[in-house]
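Just protein_14.tsv here, TSV, C-alpha atoms and all ligand atoms:
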```tsv
chain	number	residue	atom	x	y	z
E	1	MET	CA	-4.47	15.27	8.68
E	2	ASN	CA	-7.04	12.55	8.11
E	3	ILE	CA	-5.31	9.87	6.07
E	4	LEU	CA	-8.47	8.13	4.86
E	5	SER	CA	-9.80	11.44	3.49
E	6	GLU	CA	-6.46	12.04	1.79
E	7	ILE	CA	-6.59	8.58	0.22
E	8	GLN	CA	-10.18	9.18	-0.87
E	9	SER	CA	-9.43	12.65	-2.24
E	10	LYS	CA	-7.92	11.61	-5.57
E	11	THR	CA	-6.72	8.79	-7.78
E	12	GLY	CA	-3.17	7.97	-8.79
E	13	GLN	CA	-1.47	8.76	-5.48
E	14	LEU	CA	1.75	6.93	-4.76
E	15	ALA	CA	2.95	5.03	-1.71
E	16	LEU	CA	6.50	3.85	-1.21
E	17	LEU	CA	6.59	0.60	0.74
E	18	ILE	CA	9.44	0.33	3.23
E	19	ASP	CA	10.05	-3.12	4.66
E	20	PRO	CA	12.01	-2.43	7.89
E	21	GLU	CA	13.64	-5.84	7.67
E	22	LYS	CA	15.20	-4.92	4.34
E	23	THR	CA	16.26	-1.43	5.36
E	24	LYS	CA	20.04	-1.43	5.19
E	25	ASN	CA	21.02	1.51	7.42
E	26	GLU	CA	20.16	5.11	8.26
E	27	LYS	CA	22.22	6.44	5.35
E	28	HIS	CA	20.19	4.37	2.92
E	29	LEU	CA	16.94	5.38	4.60
E	30	SER	CA	17.92	9.07	4.41
E	31	GLU	CA	18.61	8.74	0.69
E	32	LEU	CA	15.28	6.99	0.21
E	33	ILE	CA	13.43	9.78	2.05
E	34	LYS	CA	15.22	12.49	0.08
E	35	LYS	CA	14.38	10.91	-3.27
E	36	ALA	CA	10.81	10.12	-2.19
E	37	GLU	CA	10.27	13.79	-1.34
E	38	PHE	CA	11.80	14.84	-4.66
E	39	ALA	CA	9.44	12.43	-6.44
E	40	ALA	CA	6.46	13.87	-4.49
E	41	ILE	CA	5.50	10.48	-3.09
E	42	ASP	CA	2.22	10.80	-1.15
E	43	PHE	CA	2.65	8.19	1.59
E	44	PHE	CA	5.18	5.89	3.16
E	45	PHE	CA	3.73	2.47	3.90
E	46	ILE	CA	5.78	0.62	6.49
E	47	GLY	CA	5.56	-3.11	7.12
E	48	GLY	CA	6.55	-6.56	5.94
E	49	SER	CA	5.81	-10.21	6.38
E	50	THR	CA	8.23	-11.04	9.18
E	51	VAL	CA	9.23	-7.70	10.69
E	52	THR	CA	9.75	-7.26	14.44
E	53	ARG	CA	8.26	-4.54	16.57
E	54	LYS	CA	11.69	-3.07	17.27
E	55	GLU	CA	12.48	-2.80	13.54
E	56	THR	CA	9.09	-1.20	12.89
E	57	GLU	CA	9.48	1.33	15.68
E	58	ALA	CA	13.02	2.26	14.61
E	59	VAL	CA	12.09	2.88	10.96
E	60	VAL	CA	8.84	4.73	11.73
E	61	SER	CA	10.58	7.03	14.23
E	62	PHE	CA	13.41	7.74	11.81
E	63	VAL	CA	11.08	8.51	8.91
E	64	LYS	CA	8.84	10.73	11.06
E	65	ALA	CA	11.88	12.64	12.29
E	66	HIS	CA	13.20	13.28	8.78
E	67	SER	CA	10.17	13.66	6.52
E	68	VAL	CA	6.79	15.33	6.29
E	69	ILE	CA	5.34	12.55	4.11
E	70	PRO	CA	2.63	10.73	6.12
E	71	VAL	CA	3.52	7.31	7.49
E	72	VAL	CA	0.96	4.52	7.27
E	73	LEU	CA	1.50	1.17	8.99
E	74	PHE	CA	0.91	-1.79	6.68
E	75	PRO	CA	1.52	-4.60	9.16
E	76	GLY	CA	2.20	-8.25	8.44
E	77	SER	CA	1.29	-9.12	12.03
E	78	GLY	CA	-0.17	-7.63	15.21
E	79	ASN	CA	3.21	-6.57	16.59
E	80	GLN	CA	4.20	-4.24	13.74
E	81	LEU	CA	2.97	-1.15	15.52
E	82	SER	CA	4.23	2.30	16.37
E	83	GLY	CA	2.39	5.17	18.00
E	84	HIS	CA	4.51	7.57	15.94
E	85	ALA	CA	2.82	6.59	12.68
E	86	ASP	CA	-0.02	8.67	11.24
E	87	ALA	CA	-2.35	5.78	10.54
E	88	LEU	CA	-2.71	2.02	10.67
E	89	LEU	CA	-4.25	-0.13	7.96
E	90	PHE	CA	-6.21	-2.57	10.12
E	91	LEU	CA	-6.05	-5.39	7.61
E	92	ASN	CA	-8.67	-8.08	7.22
E	93	LEU	CA	-7.28	-10.75	4.94
E	94	LEU	CA	-10.62	-11.52	3.34
E	95	SER	CA	-9.18	-13.50	0.43
E	96	GLY	CA	-8.05	-16.14	2.92
E	97	ARG	CA	-9.68	-18.35	5.51
E	98	ASN	CA	-7.03	-18.16	8.19
E	99	PRO	CA	-8.72	-16.90	11.38
E	100	ASP	CA	-5.43	-15.49	12.68
E	101	PHE	CA	-5.48	-12.93	9.86
E	102	LEU	CA	-9.22	-12.33	10.07
E	103	ILE	CA	-9.47	-11.74	13.82
E	104	GLY	CA	-6.59	-13.32	15.80
E	105	HIS	CA	-3.88	-10.67	15.36
E	106	HIS	CA	-6.53	-8.00	15.78
E	107	ILE	CA	-7.52	-9.24	19.22
E	108	SER	CA	-3.95	-9.57	20.37
E	109	CYS	CA	-3.19	-5.90	19.62
E	110	ALA	CA	-6.67	-4.40	20.15
E	111	GLU	CA	-6.14	-2.64	23.49
E	112	GLU	CA	-2.74	-1.39	22.51
E	113	VAL	CA	-4.04	0.06	19.23
E	114	LEU	CA	-6.89	1.80	21.02
E	115	GLU	CA	-4.47	3.43	23.46
E	116	MET	CA	-2.14	4.53	20.69
E	117	ASN	CA	-4.59	7.09	19.51
E	118	ILE	CA	-3.59	6.85	15.85
E	119	GLU	CA	-6.00	6.77	12.92
E	120	VAL	CA	-7.17	3.20	12.36
E	121	ILE	CA	-8.46	2.35	8.89
E	122	PRO	CA	-10.43	-0.92	8.57
E	123	THR	CA	-9.16	-2.41	5.32
E	124	SER	CA	-10.31	-5.31	3.16
E	125	TYR	CA	-7.03	-6.94	2.19
E	126	LEU	CA	-7.22	-9.23	-0.83
E	127	LEU	CA	-4.31	-11.25	-2.12
E	128	ILE	CA	-4.63	-11.89	-5.83
E	129	ASP	CA	-2.44	-14.50	-7.51
E	130	GLY	CA	0.56	-12.75	-9.03
E	131	GLY	CA	2.14	-15.71	-10.80
E	132	LYS	CA	4.39	-16.88	-7.97
E	133	MET	CA	4.31	-17.78	-4.28
E	134	THR	CA	4.76	-14.59	-2.25
E	135	SER	CA	5.81	-14.05	1.35
E	136	ALA	CA	2.37	-12.65	2.23
E	137	ALA	CA	0.63	-15.83	1.03
E	138	TYR	CA	3.20	-18.09	2.66
E	139	VAL	CA	3.31	-16.32	6.03
E	140	SER	CA	-0.47	-15.97	6.21
E	141	GLN	CA	-0.89	-19.59	5.04
E	142	THR	CA	-3.64	-18.51	2.66
E	143	THR	CA	-4.32	-19.10	-1.00
E	144	PRO	CA	-4.60	-15.97	-3.15
E	145	ILE	CA	-7.67	-15.49	-5.35
E	146	PRO	CA	-7.05	-16.79	-8.92
E	147	ARG	CA	-5.96	-13.87	-11.06
E	148	GLU	CA	-8.34	-14.61	-13.90
E	149	ASN	CA	-11.39	-14.81	-11.62
E	150	ASN	CA	-12.43	-11.19	-11.22
E	151	SER	CA	-15.84	-12.33	-10.03
E	152	ILE	CA	-14.52	-13.80	-6.75
E	153	SER	CA	-12.28	-10.76	-6.16
E	154	LEU	CA	-15.14	-8.39	-6.86
E	155	LYS	CA	-17.60	-10.17	-4.60
E	156	THR	CA	-14.99	-10.35	-1.83
E	157	GLY	CA	-14.37	-6.61	-2.13
E	158	ILE	CA	-18.09	-5.89	-2.01
E	159	ALA	CA	-18.54	-8.19	1.01
E	160	GLY	CA	-15.77	-6.31	2.82
E	161	TYR	CA	-17.50	-3.02	2.06
E	162	LEU	CA	-20.81	-4.34	3.37
E	163	MET	CA	-19.03	-5.46	6.52
E	164	GLY	CA	-17.86	-1.90	7.10
E	165	GLN	CA	-14.32	-1.85	5.72
E	166	LYS	CA	-13.33	1.66	4.70
E	167	LEU	CA	-11.03	0.74	1.86
E	168	THR	CA	-9.98	-2.17	-0.34
E	169	TYR	CA	-6.35	-3.18	-0.88
E	170	PHE	CA	-5.73	-5.49	-3.83
E	171	ASP	CA	-2.27	-6.99	-3.51
E	172	ALA	CA	-0.55	-9.36	-5.92
E	173	GLY	CA	2.15	-9.70	-3.23
E	174	SER	CA	5.60	-8.26	-3.08
E	175	GLY	CA	7.68	-9.18	-6.11
E	176	ALA	CA	4.68	-10.58	-8.01
E	177	LEU	CA	5.30	-11.46	-11.65
E	178	TYR	CA	1.95	-10.00	-12.67
E	179	SER	CA	0.20	-7.09	-11.02
E	180	VAL	CA	-3.52	-7.08	-10.26
E	181	PRO	CA	-5.75	-6.74	-13.39
E	182	THR	CA	-6.68	-3.06	-13.85
E	183	GLN	CA	-10.17	-4.14	-14.88
E	184	LEU	CA	-10.80	-5.38	-11.35
E	185	ILE	CA	-10.33	-1.88	-9.95
E	186	GLU	CA	-12.56	-0.35	-12.63
E	187	GLU	CA	-15.31	-2.86	-11.86
E	188	LEU	CA	-15.16	-2.48	-8.08
E	189	LYS	CA	-15.17	1.30	-8.28
E	190	LYS	CA	-18.33	1.19	-10.36
E	191	LYS	CA	-20.04	-0.68	-7.53
E	192	ILE	CA	-18.78	0.85	-4.27
E	193	GLU	CA	-17.58	4.30	-3.30
E	194	THR	CA	-14.75	3.42	-0.89
E	195	PRO	CA	-11.18	3.97	-2.11
E	196	VAL	CA	-8.88	1.32	-3.58
E	197	ILE	CA	-5.21	0.66	-2.98
E	198	VAL	CA	-3.26	-1.58	-5.35
E	199	GLY	CA	0.19	-3.12	-5.03
E	200	GLY	CA	2.41	-6.02	-5.93
E	201	GLY	CA	4.67	-6.29	-8.97
E	202	ILE	CA	4.30	-2.67	-10.12
E	203	ARG	CA	7.56	-1.83	-11.81
E	204	SER	CA	6.98	0.89	-14.43
E	205	VAL	CA	5.43	4.34	-14.83
E	206	GLU	CA	3.21	2.84	-17.56
E	207	GLN	CA	1.68	0.53	-14.92
E	208	ILE	CA	1.25	3.47	-12.55
E	209	GLU	CA	-0.56	5.38	-15.28
E	210	ALA	CA	-2.79	2.37	-16.06
E	211	PHE	CA	-3.78	1.96	-12.41
E	212	LYS	CA	-4.45	5.67	-12.07
E	213	ASN	CA	-6.70	5.55	-15.12
E	214	ALA	CA	-8.48	2.51	-13.68
E	215	GLY	CA	-9.34	4.60	-10.61
E	216	ALA	CA	-6.87	3.31	-8.00
E	217	ASN	CA	-6.51	5.89	-5.25
E	218	VAL	CA	-3.10	4.69	-4.09
E	219	ILE	CA	-0.52	2.68	-6.02
E	220	VAL	CA	2.09	0.97	-3.84
E	221	ILE	CA	5.65	0.33	-4.96
E	222	GLY	CA	8.17	-1.65	-2.94
E	223	ASN	CA	10.46	-4.08	-4.73
E	224	LYS	CA	11.25	-1.95	-7.76
E	225	ILE	CA	12.59	0.86	-5.56
E	226	GLU	CA	14.42	-1.59	-3.29
E	227	GLU	CA	16.23	-2.84	-6.39
E	228	ASN	CA	16.77	0.53	-7.97
E	229	ILE	CA	16.31	3.62	-5.84
E	230	ASP	CA	16.61	5.79	-8.96
E	231	PHE	CA	13.22	4.56	-10.12
E	232	LEU	CA	12.09	7.44	-7.88
E	233	LEU	CA	13.69	9.80	-10.42
E	234	ASP	CA	11.57	8.24	-13.19
E	235	ILE	CA	8.54	8.78	-10.97
E	236	GLU	CA	9.51	12.40	-10.45
E	237	ALA	CA	9.74	12.90	-14.23
E	238	TYR	CA	6.38	11.17	-14.67
E	239	GLN	CA	4.74	13.34	-11.99
E	240	LYS	CA	6.19	16.49	-13.52
E	241	ALA	CA	5.05	15.60	-17.03
E	242	HIS	CA	1.63	14.76	-15.67
E	243	SER	CA	1.18	18.05	-13.79
E	244	GLU	CA	2.42	19.97	-16.86
E	245	THR	CA	-0.27	18.23	-18.96
E	246	ILE	CA	-2.93	19.17	-16.40
E	247	ASN	CA	-1.76	22.80	-16.30
E	248	HIS	CA	-1.60	22.93	-20.10
E	249	ASN	CA	-5.12	21.53	-20.38
E	250	LYS	CA	-6.33	24.12	-17.86
E	251	THR	CA	-4.97	27.00	-19.95
E	252	VAL	CA	-6.26	25.84	-23.36
M	301	LIG	C1	3.31	-5.73	-1.45
M	301	LIG	O1	1.87	-4.13	-2.39
M	301	LIG	C2	3.16	-4.36	-1.97
M	301	LIG	O2	2.53	-5.94	-0.32
M	301	LIG	C3	4.25	-3.95	-2.91
M	301	LIG	O3	4.68	-4.94	-3.82
M	301	LIG	O4	7.15	-4.96	-3.54
M	301	LIG	O5	6.09	-5.91	-5.61
M	301	LIG	O6	6.14	-3.46	-5.21
M	301	LIG	P1	6.08	-4.81	-4.58
```
Let me see the structure of the file written as structure tokens.
Ligand code: 1GP
Amino acid sequence: MNILSEIQSKTGQLALLIDPEKTKNEKHLSELIKKAEFAAIDFFFIGGSTVTRKETEAVVSFVKAHSVIPVVLFPGSGNQLSGHADALLFLNLLSGRNPDFLIGHHISCAEEVLEMNIEVIPTSYLLIDGGKMTSAAYVSQTTPIPRENNSISLKTGIAGYLMGQKLTYFDAGSGALYSVPTQLIEELKKKIETPVIVGGGIRSVEQIEAFKNAGANVIVIGNKIEENIDFLLDIEAYQKAHSETINHNKTV
């Protein structure tokens, strides 16, 4: 399966973010996988700000052994790798000016990634201010783009596209108070054809629906499910209602 094509194929797909550092134990992970499958989650994203290689490898291997949902690495640093994953978001933190996150980590893992033979997806990664300091901003020592300034975010996304990035990830950061403005996604999608991922502070099915309508290809949810695993049941109900509406519309 080509993950980039899957991401590109439709809007409103869902990714469950698993931070290996916060994963309690295998029992918890098994429950998470079971409920994610029930909720028809499209992707697992695995990564975090300060995760070790060992933690990454353990969680990726476990998930791959117990689920058919594709696993995408969403690394906070160059050591969060596993050859068992389906794809790697090769993140370029274009909202920041820290060379480590623009090229440094990339060089340190370049040969290893090449040998891994997994799908590598060059990704414009833009941190947008979400109303509070987040781990991603702190660990990367970068300043997020002001939330109200869509113009900077838009131009940064376009620049990434022109530099050859295959997708754009707008992230308000894990646990953000405010998610990324939906308008930003609408505006970028009018200008460039590459897919958009959005995450950070998404805590309700209403937000999921709004991002889907704005044209986001993948909507990432981490914190909300960490706090309440049964949010996956709400997602399942939302997905079911949505597919019933589509089927109903097809028959009338
Ligand atoms: C953060 O996009 C992710 O990098 C998810 O954020 O944990 O707030 O859902 P949340």
Axis-aligned box over every listed atom of ligand LIG 301 (chain M), padded by 4 Å per side: centre and edges in Å to one decimal, as JSON?
```
{"center_x": 4.5, "center_y": -4.7, "center_z": -3.0, "size_x": 13.3, "size_y": 10.5, "size_z": 13.3}
```
Interface rows for region 53-93 of chain E against region 109-128 of chain E: nearest pair, Å to one decimal, 7 Å, all atoms listed in the file, as JSON lines:
```
{"residue": "E:Gly78", "atom": "CA", "partner": "E:Cys109", "partner_atom": "CA", "distance": 5.6}
{"residue": "E:Gly83", "atom": "CA", "partner": "E:Met116", "partner_atom": "CA", "distance": 5.3}
{"residue": "E:Asp86", "atom": "CA", "partner": "E:Ile118", "partner_atom": "CA", "distance": 6.1}
{"residue": "E:Ala87", "atom": "CA", "partner": "E:Glu119", "partner_atom": "CA", "distance": 4.5}
{"residue": "E:Leu88", "atom": "CA", "partner": "E:Val120", "partner_atom": "CA", "distance": 4.9}
{"residue": "E:Leu89", "atom": "CA", "partner": "E:Ile121", "partner_atom": "CA", "distance": 5.0}
{"residue": "E:Phe90", "atom": "CA", "partner": "E:Pro122", "partner_atom": "CA", "distance": 4.8}
{"residue": "E:Leu91", "atom": "CA", "partner": "E:Thr123", "partner_atom": "CA", "distance": 4.9}
{"residue": "E:Asn92", "atom": "CA", "partner": "E:Ser124", "partner_atom": "CA", "distance": 5.2}
{"residue": "E:Leu93", "atom": "CA", "partner": "E:Tyr125", "partner_atom": "CA", "distance": 4.7}
```
Quick one: which chain E residues come within 7 Å of ligand LIG 301 (chain M), and what is the nearest atom pair for each with the distance in Å to one decimal, counting only C-alpha atoms and all ligand atoms, rows ordered by chain and ascending number, as a tab-separated table?
```
residue	atom	partner	partner_atom	distance
E:Leu17	CA	M:LIG301	C3	6.3
E:Asp171	CA	M:LIG301	O1	5.2
E:Ala172	CA	M:LIG301	O1	6.8
E:Gly173	CA	M:LIG301	C1	4.5
E:Ser174	CA	M:LIG301	O5	3.5
E:Gly175	CA	M:LIG301	O5	3.7
E:Ala176	CA	M:LIG301	O5	5.4
E:Val198	CA	M:LIG301	O1	6.4
E:Gly199	CA	M:LIG301	O1	3.3
E:Gly200	CA	M:LIG301	O3	3.3
E:Gly201	CA	M:LIG301	O5	3.7
E:Ile202	CA	M:LIG301	O6	5.3
E:Arg203	CA	M:LIG301	O6	6.9
E:Val220	CA	M:LIG301	O1	5.3
E:Ile221	CA	M:LIG301	O6	3.8
E:Gly222	CA	M:LIG301	O4	3.5
E:Asn223	CA	M:LIG301	O4	3.6
E:Lys224	CA	M:LIG301	O6	5.9
```
Original post:
What's the 9 Å shell around region 2-14 of chain E, counting all atoms listed in the file, without same-chain residues fewer than 5 positions away, as a ChimeraX atom specification?
Top reply: /E:40-44,70,72,86-87,119,121,166-167,194-197,208-209,211-221
Selection from above, C-alpha atoms, as an mmCIF file, in the frame of the given file, can you write it?
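And here's part_32.cif as it stands now:
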```cif
data_model
loop_
_atom_site.group_PDB
_atom_site.id
_atom_site.type_symbol
_atom_site.label_atom_id
_atom_site.label_comp_id
_atom_site.auth_asym_id
_atom_site.auth_seq_id
_atom_site.Cartn_x
_atom_site.Cartn_y
_atom_site.Cartn_z
ATOM 1 C CA ALA E 40 6.460 13.870 -4.490
ATOM 2 C CA ILE E 41 5.500 10.480 -3.090
ATOM 3 C CA ASP E 42 2.220 10.800 -1.150
ATOM 4 C CA PHE E 43 2.650 8.190 1.590
ATOM 5 C CA PHE E 44 5.180 5.890 3.160
ATOM 6 C CA PRO E 70 2.630 10.730 6.120
ATOM 7 C CA VAL E 72 0.960 4.520 7.270
ATOM 8 C CA ASP E 86 -0.020 8.670 11.240
ATOM 9 C CA ALA E 87 -2.350 5.780 10.540
ATOM 10 C CA GLU E 119 -6.000 6.770 12.920
ATOM 11 C CA ILE E 121 -8.460 2.350 8.890
ATOM 12 C CA LYS E 166 -13.330 1.660 4.700
ATOM 13 C CA LEU E 167 -11.030 0.740 1.860
ATOM 14 C CA THR E 194 -14.750 3.420 -0.890
ATOM 15 C CA PRO E 195 -11.180 3.970 -2.110
ATOM 16 C CA VAL E 196 -8.880 1.320 -3.580
ATOM 17 C CA ILE E 197 -5.210 0.660 -2.980
ATOM 18 C CA ILE E 208 1.250 3.470 -12.550
ATOM 19 C CA GLU E 209 -0.560 5.380 -15.280
ATOM 20 C CA PHE E 211 -3.780 1.960 -12.410
ATOM 21 C CA LYS E 212 -4.450 5.670 -12.070
ATOM 22 C CA ASN E 213 -6.700 5.550 -15.120
ATOM 23 C CA ALA E 214 -8.480 2.510 -13.680
ATOM 24 C CA GLY E 215 -9.340 4.600 -10.610
ATOM 25 C CA ALA E 216 -6.870 3.310 -8.000
ATOM 26 C CA ASN E 217 -6.510 5.890 -5.250
ATOM 27 C CA VAL E 218 -3.100 4.690 -4.090
ATOM 28 C CA ILE E 219 -0.520 2.680 -6.020
ATOM 29 C CA VAL E 220 2.090 0.970 -3.840
ATOM 30 C CA ILE E 221 5.650 0.330 -4.960
#
```
**OP:** Would you kindly return, as a count of residues only, each protein, DNA or RNA residue with an atom no farther than 9 Å from any atom of Phe101 (chain E), considering only C-alpha atoms and excluding same-chain residues fewer than 3 positions away?
**Re:** 12
**OP:** Tell me, in Å to one decimal, how far CA of Gly130 (chain E) is from CA of His28 (chain E).
**Re:**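 Computing the Euclidean distance for CA of Gly130 (chain E) and CA of His28 (chain E) yields 28.7 Å.
Ranking E:Ser67, E:Asn25, E:Gln239, E:Ser95 by their shortest atom-to-atom distance to Gln141 (chain E), with only C-alpha atoms included, puts E:Ser95 first.
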Subject >> Computed interatomic separation between CA of Ile152 (chain E) and CA of Lys189 (chain E) (Å) >> reply: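 Rounded to one decimal, the two atoms are 15.2 Å apart.
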**OP:** Pick out the closest residue to Lys191 (chain E) from this set: E:Val205, E:Gly164, E:Lys24, E:Ile158. Count all atoms listed in the file.
**Re:**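 Once distances to Lys191 (chain E) are computed over all atoms listed in the file, the minimum belongs to E:Ile158.
In this model, the gap between CA of Ala65 (chain E) and CA of Glu236 (chain E) comes to 22.9 Å.
Nearest to Phe231 (chain E) of all the residues E:Pro75, E:Gln165, E:Ala137, E:Ser204 is E:Ser204, based on all atoms listed in the file.
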Within 9 Å of region 62-64 of chain E, counting only C-alpha atoms, which residues show up once you throw out same-chain ones fewer than 5 positions away? Write them as an mmCIF file with C-alpha atoms, keeping the file's coordinate frame, please.
```
data_model
loop_
_atom_site.group_PDB
_atom_site.id
_atom_site.type_symbol
_atom_site.label_atom_id
_atom_site.label_comp_id
_atom_site.auth_asym_id
_atom_site.auth_seq_id
_atom_site.Cartn_x
_atom_site.Cartn_y
_atom_site.Cartn_z
ATOM 1 C CA GLU E 26 20.160 5.110 8.260
ATOM 2 C CA LEU E 29 16.940 5.380 4.600
ATOM 3 C CA SER E 30 17.920 9.070 4.410
ATOM 4 C CA ILE E 33 13.430 9.780 2.050
ATOM 5 C CA PHE E 44 5.180 5.890 3.160
ATOM 6 C CA GLU E 57 9.480 1.330 15.680
ATOM 7 C CA ILE E 69 5.340 12.550 4.110
ATOM 8 C CA PRO E 70 2.630 10.730 6.120
ATOM 9 C CA VAL E 71 3.520 7.310 7.490
ATOM 10 C CA HIS E 84 4.510 7.570 15.940
ATOM 11 C CA ALA E 85 2.820 6.590 12.680
#
```
